[in-house]
Amino acid sequence: MRILNDLISSLREDNVVREVYTFVFWTAVISKNCGLASTFREEQPRHQGVVTEAGNLRGKSALKLAEYAKSDNLLEASIGMATLNSLIDVDETNCVAKNALDILTEKGKDKNIAVVGHSPWVSNLQKAARKLWVLEQRPQAGDLPAEAAESILPQADVVAITGTSFINHTIEKLLDLSKAKFVVLVGPTSPMSPVLFDWGVDVISGVKVVEPGETIRSISEGAIFRQVKGVKLLNMVKRK
């Protein structure tokens with residue numbers, strides 16, 4: 001994937017992988033920093049979809065492990081994205097205090113909004129939008145199937161895309177369908193890298209792990225995102 005190649009090639013400094021954790025909802029990798037990604041895995045027998053060199057990932061080059069992000073094995077891709085995020089030094093001078101919902105509400109007021117990936121704040125966003133579509137791989141009531149993206153995204157003025165689209169390798173197609181739209185990338189999997197601004201992203205709404213011990217402790221106990229501790233919510237904005 002070209003977008004992953006761009007992200008990885010932008011990382012100027014390698015580090016040793018110190019820890020790799022794959023928990024039920026979140027995967028974390030500690031190298032230069034602590035990086036997070038959603039944990040995705042195949043719905044198939046346990047002996048299939050195994051992680052290459054599992055048990056021997058610590059001590060590897062983080063740049064090489066980040067290459068797992070390109071894997072068709074979803075669990076490997078989750079590890080790769082967490083590793084990539086662990087190598088990024090977030091420039092907080094490019095960040096604003098508003099959260100993703102505030103930004104989407106402001107930009108999407110009385111406009112058409114498409115959200116790729118169901119989020120708990122969708123009902124609040126509904127109040128601001130002229131029309132709101134939610135596209136989801138596993139649709140809930142009122143959602144549209146992910147396959148509807150080709151017909152829906154061109155109609156939207158504002159598009160929110162979950163960072164997990166890097167893991168299932170749909171990100172490039174989604175961004176292509178969202179050209180000339182106001183695009184917000186949402187969630188802890190989202191790389192906090194200005195490289196994404198060259199791909200049509202306007203805002204990256206992600207996290208920076210500031211207390212790795214607290215983060216690992218909470219995700220090891222099954223925390224969903226609002227329960228994850230030791231992280232700082234950040235919104236990086238494209239400079240005009």
# chains A, B, ... in the order shown; residues from 1 in each chain; ligands from 1
$ residues_around --residues "Lys70 (chain A)" --least-positions-apart "4" --cutoff "9 Å" --atoms "only C-alpha atoms" --output "list in words"
Met1, Leu4, Asn5, Ala66, Glu76, Ala77, Gly80, Met81, Phe166, Ile167 and His169 of chain A
$ residues_around --residues "Lys32 (chain A)" --least-positions-apart "6" --cutoff "12 Å" --atoms "only C-alpha atoms" --output "ChimeraX atom specification"
/A:11-19,61-63,82-90,209,212
$ atom_distance --atom1 "CA of Leu74 (chain A)" --atom2 "CA of Ser205 (chain A)"
22.4 Å
$ residues_around --residues "Asp6 (chain A)" --least-positions-apart "6" --cutoff "10 Å" --atoms "only C-alpha atoms" --output "list in words"
Val195, Leu196, Asp198 and Trp199 of chain A
$ write_last_selection --atoms "C-alpha atoms" --output "compact mmCIF listing (two decimals), in the first residue's frame"
# COMPACT_ATOMS: atom_id res chain seq x y z
CA VAL A 195 2.16 12.62 5.94
CA LEU A 196 -1.58 11.94 5.89
CA ASP A 198 -0.77 14.87 1.58
CA TRP A 199 -3.39 12.14 1.15
$ closest_residue --among "A:Val24, A:Val96, A:Leu101, A:Leu135" --to "Leu75 (chain A)" --atoms "only C-alpha atoms"
A:Val24
$ select_by_dssp --residues "region 14-231 of chain A" --states "strand (DSSP E)" --output "count of residues only"
47
$ residues_around --residues "Ala100 (chain A)" --least-positions-apart "4" --cutoff "12 Å" --atoms "only C-alpha atoms" --output "NGL selection string"
:A and (95-96 or 104-108 or 115 or 119 or 121-122 or 124-125 or 159-162 or 183-187 or 202-207 or 233-237)
$ select_by_dssp --residues "region 26-99 of chain A" --states "alpha helix (DSSP H)" --output "list in words"
Ala62, Leu63, Lys64, Leu65, Ala66, Leu74, Leu75, Glu76, Ala77, Ser78, Ile79, Gly80, Met81, Ala82, Thr83, Leu84, Asn85 and Ser86 of chain A
$ write_last_selection --atoms "C-alpha atoms" --output "mmCIF file, in the first residue's frame"
data_model
loop_
_atom_site.group_PDB
_atom_site.id
_atom_site.type_symbol
_atom_site.label_atom_id
_atom_site.label_comp_id
_atom_site.auth_asym_id
_atom_site.auth_seq_id
_atom_site.Cartn_x
_atom_site.Cartn_y
_atom_site.Cartn_z
ATOM 1 C CA ALA A 62 10.646 -1.580 14.897
ATOM 2 C CA LEU A 63 10.851 -0.379 11.292
ATOM 3 C CA LYS A 64 10.812 -3.983 10.104
ATOM 4 C CA LEU A 65 7.955 -4.932 12.412
ATOM 5 C CA ALA A 66 5.985 -1.928 11.142
ATOM 6 C CA LEU A 74 -5.435 -8.839 10.343
ATOM 7 C CA LEU A 75 -3.669 -9.583 13.619
ATOM 8 C CA GLU A 76 -0.281 -9.015 12.010
ATOM 9 C CA ALA A 77 -1.592 -5.778 10.501
ATOM 10 C CA SER A 78 -2.768 -4.676 13.968
ATOM 11 C CA ILE A 79 0.714 -5.302 15.368
ATOM 12 C CA GLY A 80 2.256 -3.466 12.436
ATOM 13 C CA MET A 81 0.068 -0.386 12.940
ATOM 14 C CA ALA A 82 0.789 -0.270 16.676
ATOM 15 C CA THR A 83 4.501 -0.522 15.866
ATOM 16 C CA LEU A 84 4.290 2.255 13.282
ATOM 17 C CA ASN A 85 2.519 4.453 15.837
ATOM 18 C CA SER A 86 5.195 3.677 18.428
#
